[in-house]
file query_17.txt (compact mmCIF, C-alpha atoms)
# COMPACT_ATOMS: atom_id res chain seq x y z
CA MET A 153 -30.32 -9.93 -2.17
CA LYS A 154 -28.40 -13.01 -3.25
CA ASN A 155 -25.62 -10.76 -4.58
CA TYR A 156 -25.41 -8.89 -1.26
CA PHE A 157 -25.11 -12.16 0.65
CA PHE A 158 -22.43 -13.42 -1.72
CA ALA A 159 -20.53 -10.12 -1.49
CA PHE A 160 -20.74 -10.19 2.32
CA LEU A 161 -19.43 -13.77 2.48
CA LEU A 162 -16.57 -12.92 0.14
CA ALA A 163 -15.77 -9.77 2.13
CA LEU A 164 -15.72 -11.82 5.35
CA LEU A 165 -13.37 -14.29 3.70
CA VAL A 166 -11.07 -11.48 2.50
CA VAL A 167 -10.91 -9.75 5.88
CA LEU A 168 -10.45 -12.99 7.83
CA SER A 169 -7.68 -14.01 5.42
CA GLY A 170 -5.97 -10.65 5.90
CA VAL A 171 -6.21 -10.73 9.69
CA SER A 172 -5.14 -14.40 9.85
CA LEU A 173 -2.21 -13.67 7.55
CA ARG A 174 -1.15 -10.85 9.82
CA ARG A 175 -1.39 -13.02 12.94
CA SER A 176 0.43 -15.94 11.31
CA VAL A 177 3.22 -13.79 9.91
CA VAL A 178 3.70 -12.10 13.25
CA GLY A 179 3.68 -15.41 15.08
CA ILE A 180 6.13 -17.38 12.92
CA GLY A 181 9.10 -18.84 14.77
CA THR A 182 9.53 -20.49 18.12
CA ALA A 183 11.80 -17.94 19.71
CA PRO A 184 10.09 -15.49 22.05
CA ALA A 185 9.41 -12.12 20.47
CA PRO A 186 12.27 -9.77 21.33
CA LEU A 187 11.52 -6.53 23.11
CA PRO A 188 10.49 -4.05 21.85
CA PRO A 189 8.32 -6.04 19.43
CA MET A 190 8.61 -5.17 15.76
CA THR A 191 5.27 -6.46 14.63
CA SER A 192 4.15 -3.72 12.30
CA VAL A 193 4.64 -2.92 8.65
CA ALA A 194 4.17 0.52 7.14
CA ILE A 195 4.05 2.39 3.85
CA GLY A 196 6.75 4.93 3.08
CA THR A 197 10.50 5.34 3.13
CA ALA A 198 10.89 7.38 6.34
CA PRO A 199 12.47 5.52 9.29
CA ALA A 200 9.74 3.72 11.24
CA PRO A 201 9.43 4.42 14.97
CA LEU A 202 7.89 1.95 17.41
CA PRO A 203 4.11 2.15 17.54
CA PRO A 204 3.02 4.49 20.38
CA MET A 205 2.11 3.02 23.77
CA GLN A 206 3.92 -0.31 23.32
CA MET B 854 21.13 1.44 17.40
CA LEU B 855 22.14 2.33 13.84
CA HIS B 856 25.78 2.90 12.89
CA SER B 857 26.85 5.82 10.70
CA GLY B 858 26.93 3.62 7.56
CA ASP B 859 23.44 2.34 8.32
CA LYS B 860 22.24 5.88 8.94
CA LEU B 861 23.66 6.91 5.59
CA LEU B 862 21.78 4.05 3.91
CA SER B 863 18.60 4.97 5.78
CA TYR B 864 18.88 8.60 4.65
CA GLY B 865 19.67 7.44 1.11
CA LEU B 866 16.50 5.30 0.99
CA GLU B 867 14.44 8.13 2.43
CA TYR B 868 15.66 10.71 -0.08
CA ALA B 869 15.49 8.24 -2.99
CA GLY B 870 11.85 7.59 -2.09
CA CYS B 871 11.12 11.29 -1.90
CA GLY B 872 12.79 11.86 -5.27
CA MET B 873 10.88 9.02 -6.94
CA GLU B 874 7.56 10.28 -5.58
CA ALA B 875 8.32 13.72 -7.03
CA LEU B 876 9.41 12.11 -10.32
CA ILE B 877 6.13 10.18 -10.65
CA CYS B 878 4.16 13.37 -9.98
CA PHE B 879 6.21 15.13 -12.66
CA LEU B 880 5.80 12.30 -15.19
CA LEU B 881 2.04 12.25 -14.63
CA ALA B 882 1.68 16.04 -14.73
CA ARG B 883 3.68 16.26 -17.97
CA GLU B 884 1.38 16.07 -20.99
CA GLY B 885 -1.63 15.92 -18.69
CA ARG B 886 -1.38 12.18 -18.15
CA TRP B 887 -2.72 12.54 -14.60
CA ARG B 888 -6.25 12.81 -16.07
CA HIS B 889 -6.00 9.18 -17.14
CA LEU B 890 -4.50 8.09 -13.79
CA LYS B 891 -6.21 10.40 -11.30
CA GLY B 892 -6.24 7.90 -8.42
CA LEU B 893 -2.56 7.09 -8.79
CA TYR B 894 -1.65 10.78 -9.09
CA LEU B 895 -3.56 11.67 -5.91
CA TYR B 896 -2.04 8.74 -4.00
CA VAL B 897 1.54 9.52 -5.03
CA ALA B 898 1.00 13.22 -4.30
CA GLY B 899 -0.30 12.24 -0.85
CA LEU B 900 2.68 9.90 -0.36
CA PHE B 901 5.04 12.73 -1.29
CA LEU B 902 3.40 15.22 1.08
CA LEU B 903 2.93 12.86 4.04
CA ASP B 904 5.98 10.60 3.75
CA GLY B 905 8.47 12.67 1.80
CA VAL B 906 7.81 16.07 3.36
CA GLY B 907 5.74 15.64 6.55
CA ARG B 908 7.54 12.69 8.12
CA SER B 909 10.99 14.06 7.26
CA ALA B 910 10.09 17.39 8.87
CA ALA B 911 8.67 15.67 11.97
CA LEU B 912 11.74 13.41 12.18
CA ASN B 913 14.14 16.34 11.99
CA TYR B 914 12.14 18.41 14.46
CA PHE B 915 11.22 15.84 17.12
CA GLY B 916 13.69 12.94 16.60
CA GLN B 917 13.03 9.27 15.86
CA ARG B 918 12.49 8.21 19.48
CA SER B 919 10.02 10.96 20.31
CA ARG B 920 6.35 10.27 21.01
CA GLN B 921 5.31 13.08 18.64
CA TYR B 922 7.10 11.47 15.70
CA ALA B 923 5.61 8.07 16.55
CA TYR B 924 2.09 9.52 16.61
CA PHE B 925 2.66 11.46 13.41
CA TYR B 926 4.19 8.44 11.66
CA TRP B 927 1.40 5.99 12.54
CA LEU B 928 -1.36 8.52 11.93
CA THR B 929 0.00 9.20 8.45
CA ASP B 930 0.34 5.44 7.99
CA VAL B 931 -3.43 5.08 8.52
CA LEU B 932 -4.02 7.74 5.87
CA LEU B 933 -1.62 6.01 3.45
CA ALA B 934 -3.24 2.61 4.08
CA LEU B 935 -6.68 4.18 3.47
CA GLY B 936 -5.32 5.76 0.29
CA ALA B 937 -3.94 2.40 -0.84
CA PHE B 938 -7.34 0.81 -0.19
CA LEU B 939 -9.08 3.49 -2.30
CA LEU B 940 -6.44 3.03 -5.01
CA ILE B 941 -7.15 -0.71 -5.10
CA CYS B 942 -10.89 0.12 -5.34
CA GLY B 943 -10.06 2.32 -8.34
CA PHE B 944 -8.08 -0.49 -9.94
CA PHE B 945 -11.01 -2.88 -9.39
CA ARG B 946 -13.26 -0.30 -11.10
CA ARG B 947 -10.88 -0.07 -14.04
CA ALA B 948 -10.56 -3.86 -14.32
CA SER B 949 -14.34 -4.35 -14.40
CA ALA B 950 -15.16 -1.24 -16.47
CA LYS B 951 -16.76 -3.27 -19.26
CA GLU B 952 -18.93 -5.38 -16.97
CA GLU B 953 -21.34 -3.26 -14.94
CA LYS B 954 -23.07 -6.18 -13.18
CA PHE B 955 -19.75 -7.59 -12.05
CA TRP B 956 -18.69 -4.14 -10.83
CA SER B 957 -21.86 -3.76 -8.74
CA VAL B 958 -20.98 -7.00 -6.87
CA VAL B 959 -17.34 -5.92 -6.46
CA ARG B 960 -18.42 -2.49 -5.19
CA THR B 961 -20.65 -4.09 -2.54
CA LEU B 962 -17.79 -6.42 -1.62
CA LEU B 963 -15.38 -3.50 -1.12
CA VAL B 964 -17.89 -1.62 1.06
CA PHE B 965 -18.39 -4.72 3.22
CA VAL B 966 -14.62 -5.25 3.45
CA PHE B 967 -14.12 -1.74 4.82
CA ILE B 968 -16.98 -2.07 7.34
CA LEU B 969 -15.64 -5.45 8.50
CA VAL B 970 -12.09 -4.14 8.95
CA VAL B 971 -13.37 -1.26 11.09
CA GLY B 972 -15.65 -3.62 13.05
CA MET B 973 -12.97 -6.25 13.66
CA THR B 974 -10.45 -3.64 14.78
CA GLY B 975 -13.04 -2.22 17.18
CA LEU B 976 -13.89 -5.68 18.51
CA SER B 977 -10.25 -6.61 19.06
CA LEU B 978 -9.82 -3.50 21.25
CA SER B 979 -13.20 -3.60 22.97
CA ARG B 980 -11.77 -4.98 26.23
CA ASN B 981 -8.72 -2.79 26.24
CA TYR B 982 -9.64 0.84 26.82
CA SER B 983 -6.24 2.22 27.80
CA HIS B 984 -4.58 4.29 25.04
CA LEU B 985 -7.54 3.44 22.83
CA PHE B 986 -6.81 6.00 20.10
CA SER B 987 -3.16 5.10 19.58
CA LYS B 988 -3.86 1.36 19.67
CA PHE B 989 -6.78 1.75 17.29
CA ILE B 990 -4.80 3.64 14.64
CA VAL B 991 -1.96 1.10 14.67
CA GLU B 992 -4.29 -1.92 14.75
CA PHE B 993 -6.54 -0.46 12.05
CA SER B 994 -3.64 0.40 9.73
CA GLN B 995 -2.16 -3.09 10.14
CA ASN B 996 -5.49 -4.86 9.50
CA LEU B 997 -6.12 -2.64 6.48
CA TYR B 998 -2.57 -3.27 5.21
CA PHE B 999 -3.01 -7.05 5.20
CA THR B 1000 -6.56 -6.80 3.82
CA CYS B 1001 -5.14 -4.70 0.97
CA LEU B 1002 -2.58 -7.48 0.41
CA VAL B 1003 -5.38 -10.05 -0.01
CA LEU B 1004 -7.48 -7.69 -2.17
CA ASN B 1005 -4.51 -6.87 -4.40
CA THR B 1006 -3.77 -10.57 -4.88
CA LEU B 1007 -7.45 -11.16 -5.75
CA LEU B 1008 -7.29 -8.29 -8.24
CA TYR B 1009 -4.18 -9.74 -9.90
CA VAL B 1010 -5.84 -13.19 -10.17
CA MET B 1011 -8.97 -11.49 -11.57
CA ILE B 1012 -6.92 -9.69 -14.24
CA GLN B 1013 -5.31 -12.98 -15.26
CA GLN B 1014 -8.57 -14.98 -15.22
CA LEU B 1015 -10.58 -12.42 -17.19
CA ALA B 1016 -7.61 -11.93 -19.56
CA ILE B 1017 -7.94 -8.14 -19.30
CA ASP B 1018 -5.76 -6.56 -21.97
CA ASP B 1019 -4.41 -3.66 -19.92
CA GLU B 1020 -0.65 -3.85 -19.47
CA GLU B 1021 -0.49 -0.60 -17.50
CA LEU B 1022 -3.04 -1.82 -14.94
CA GLY B 1023 -1.16 -5.11 -14.55
CA LEU B 1024 2.11 -3.29 -13.82
CA LEU B 1025 0.44 -0.89 -11.38
CA VAL B 1026 -1.09 -3.82 -9.49
CA CYS B 1027 2.30 -5.56 -9.47
CA GLY B 1028 3.81 -2.43 -7.93
CA LEU B 1029 1.29 -2.50 -5.11
CA GLY B 1030 2.05 -6.21 -4.70
CA VAL B 1031 5.75 -5.43 -4.16
CA GLN B 1032 4.78 -3.04 -1.34
CA PHE B 1033 2.27 -5.30 0.42
CA ALA B 1034 3.72 -8.77 -0.14
CA GLY B 1035 7.27 -7.48 0.40
CA GLY B 1036 6.33 -5.99 3.76
CA ALA B 1037 4.64 -9.21 4.87
CA ALA B 1038 7.63 -11.27 3.74
CA VAL B 1039 10.03 -9.00 5.64
CA LEU B 1040 7.92 -9.33 8.77
CA ALA B 1041 7.96 -13.13 8.42
CA LEU B 1042 11.73 -13.07 7.85
CA TYR B 1043 12.18 -10.95 10.94
CA HIS B 1044 10.39 -13.50 13.11
CA LEU B 1045 12.16 -16.45 11.49
CA THR B 1046 15.63 -14.99 11.89
CA LEU B 1047 17.22 -15.64 15.24
CA GLY B 1048 19.78 -12.85 15.02
CA GLU B 1049 17.73 -10.04 16.49
CA ASN B 1050 20.02 -7.15 15.54
CA PHE B 1051 20.54 -8.47 12.04
CA ALA B 1052 16.79 -8.94 11.60
CA ARG B 1053 16.06 -5.45 12.88
CA LEU B 1054 18.45 -4.00 10.31
CA ILE B 1055 16.71 -6.04 7.61
CA PHE B 1056 13.38 -4.70 8.83
CA ASN B 1057 14.58 -1.10 8.91
CA PHE B 1058 15.94 -1.19 5.37
CA PHE B 1059 13.69 -3.69 3.59
CA ASN B 1060 10.46 -1.91 4.47
CA PRO B 1061 11.51 1.35 2.74
CA ALA B 1062 13.05 -0.79 -0.04
CA CYS B 1063 9.59 -2.33 -0.67
CA THR B 1064 8.13 1.17 -1.09
CA LEU B 1065 11.00 2.00 -3.45
CA GLY B 1066 10.26 -1.19 -5.40
CA MET B 1067 6.63 -0.12 -5.73
CA LEU B 1068 7.60 3.35 -6.93
CA LEU B 1069 10.13 1.94 -9.44
CA THR B 1070 7.50 -0.43 -10.86
CA TRP B 1071 5.07 2.46 -11.21
CA ILE B 1072 7.70 4.60 -12.98
CA TYR B 1073 8.32 1.70 -15.36
CA ALA B 1074 4.57 1.35 -15.93
CA ILE B 1075 4.18 5.06 -16.69
CA VAL B 1076 7.23 5.31 -18.95
CA LYS B 1077 6.83 2.01 -20.79
CA THR B 1078 3.14 1.95 -21.56
CA PRO B 1079 1.95 4.64 -23.96
CA GLU B 1080 -0.91 6.94 -23.06
CA PRO B 1081 -4.20 5.70 -24.57
CA ILE B 1082 -5.43 8.14 -27.25
CA PRO B 1083 -9.14 8.95 -27.08
CA VAL B 1084 -10.82 7.93 -30.35
CA GLY B 1085 -12.91 11.12 -30.46
CA SER B 1086 -9.90 13.46 -30.32
CA ARG B 1087 -8.23 14.92 -33.41
CA SER B 1088 -4.98 13.01 -32.84
CA GLY B 1089 -6.98 9.84 -32.15
CA LYS B 1090 -8.84 10.21 -35.45
CA ALA B 1091 -5.55 10.82 -37.28
CA ALA B 1092 -4.06 7.69 -35.70
CA LEU B 1093 -7.16 5.70 -36.69
CA VAL B 1094 -6.94 6.95 -40.30
CA GLU B 1095 -3.24 6.05 -40.43
CA ALA B 1096 -3.93 2.57 -39.04
CA VAL B 1097 -6.70 1.97 -41.61
CA ALA B 1098 -4.49 3.26 -44.43
CA GLU B 1099 -1.73 0.84 -43.45
call {"tool": "encode", "arguments": {"input": "query_17.txt", "output": "structure tokens"}}
result
Amino acid sequence: MKNYFFAFLLALLVVLSGVSLRRSVVGIGTAPAPLPPMTSVAIGTAPAPLPPMQ
Amino acid sequence: MLHSGDKLLSYGLEYAGCGMEALICFLLAREGRWRHLKGLYLYVAGLFLLDGVGRSAALNYFGQRSRQYAYFYWLTDVLLALGAFLLICGFFRRASAKEEKFWSVVRTLLVFVFILVVGMTGLSLSRNYSHLFSKFIVEFSQNLYFTCLVLNTLLYVMIQQLAIDDEELGLLVCGLGVQFAGGAAVLALYHLTLGENFARLIFNFFNPACTLGMLLTWIYAIVKTPEPIPVGSRSGKAALVEAVAE
């Protein structure tokens, strides 16, 4: 039970770190985000299109 | 808008990536080395099929600005991010192979991480029901991407702290680090740079370059590190006898 709680806390820390990192990286800089926003990273070498519905 | 020189570079990166993915599959298939690196083999084969073949075909058929290509690209990105997550889980398993108790905690941690990423993505979209599917796949792949970045960093620190003597694993984890940390750095650079067009070019070329960096590191890891010989096999016994004789 103690191990589950520890694992859950660590998982929460990992996910919150990941999401915060994403938000902070996307939000760096004082200039307004240009349109269309390029706020996504992807895996692969094919040319990246804009995410749908943005 | 990309100029002809930029287009040439973009095509070059795309085909170089495709070639490297095929080369890794060939190197692993040769001499049956894929049995030792099943997870990596499956991931690179998936990368080759989805990114090298599927995306190129969709790009040529529909065009880069089409909605179909955008959907196909981001849907395959979810699959690749999921594959990367499973690959990291496999690396965690390999790193903690000798310590079963430690692995049981890590396994629980990885299950919780996945549930939390799905839950947080769902929560962030709970008040926005328009285009739910498309927003969910992009949001989920991005959250999973950055979670993989944190997990991969943790794995690297774990390998260093536990002094795990596995050079191949270290190089494979470094390769994943190039992909994840490189992408995050490029995104930060994009937002820090004021020249929008210049930054967009950086973004367009650096992101594929990060994937190329990952593939190059993996090729180096496969070529440089020798295949471990099972002690029970005939060649393994011969090697053991030779080592004892020396």
call {"tool": "closest_residue", "arguments": {"input": "query_17.txt", "among": "B:Phe944, B:Phe999, B:Phe993, B:Phe1058", "to": "Val1026 (chain B)", "atoms": "only C-alpha atoms"}}
result
B:Phe944
call {"tool": "atom_distance", "arguments": {"input": "query_17.txt", "atom1": "CA of Val964 (chain B)", "atom2": "CA of Pro203 (chain A)"}}
result
27.7 Å
call {"tool": "interface_residues", "arguments": {"input": "query_17.txt", "of": "chain A", "to": "chain B", "cutoff": "7 Å", "atoms": "all atoms listed in the file", "output": "PyMOL selection string"}}
result
chain A and resi 155-156+159-160+162-164+166-167+170-171+174+177-178+180-181+192-199+201-205
call {"tool": "axis_aligned_box", "arguments": {"input": "query_17.txt", "around": "region 992-1008 of chain B", "padding_each_side": "4 Å", "output": "AutoDock Vina command-line options"}}
result
--center_x -4.8 --center_y -5.4 --center_z 3.3 --size_x 13.3 --size_y 19.6 --size_z 31.0
call {"tool": "atom_distance", "arguments": {"input": "query_17.txt", "atom1": "CA of Pro1079 (chain B)", "atom2": "CA of Arg886 (chain B)"}}
result
10.1 Å
call {"tool": "closest_residue", "arguments": {"input": "query_17.txt", "among": "A:Phe158, A:Leu168, A:Met153, A:Ser176", "to": "Gly972 (chain B)", "atoms": "all atoms listed in the file"}}
result
A:Leu168
call {"tool": "atom_distance", "arguments": {"input": "query_17.txt", "atom1": "CA of Asp1018 (chain B)", "atom2": "CA of Gly899 (chain B)"}}
result
28.8 Å
call {"tool": "closest_residue", "arguments": {"input": "query_17.txt", "among": "B:Leu890, B:Ala948, B:Ala882, B:Leu876", "to": "Gln1014 (chain B)", "atoms": "only C-alpha atoms"}}
result
B:Ala948
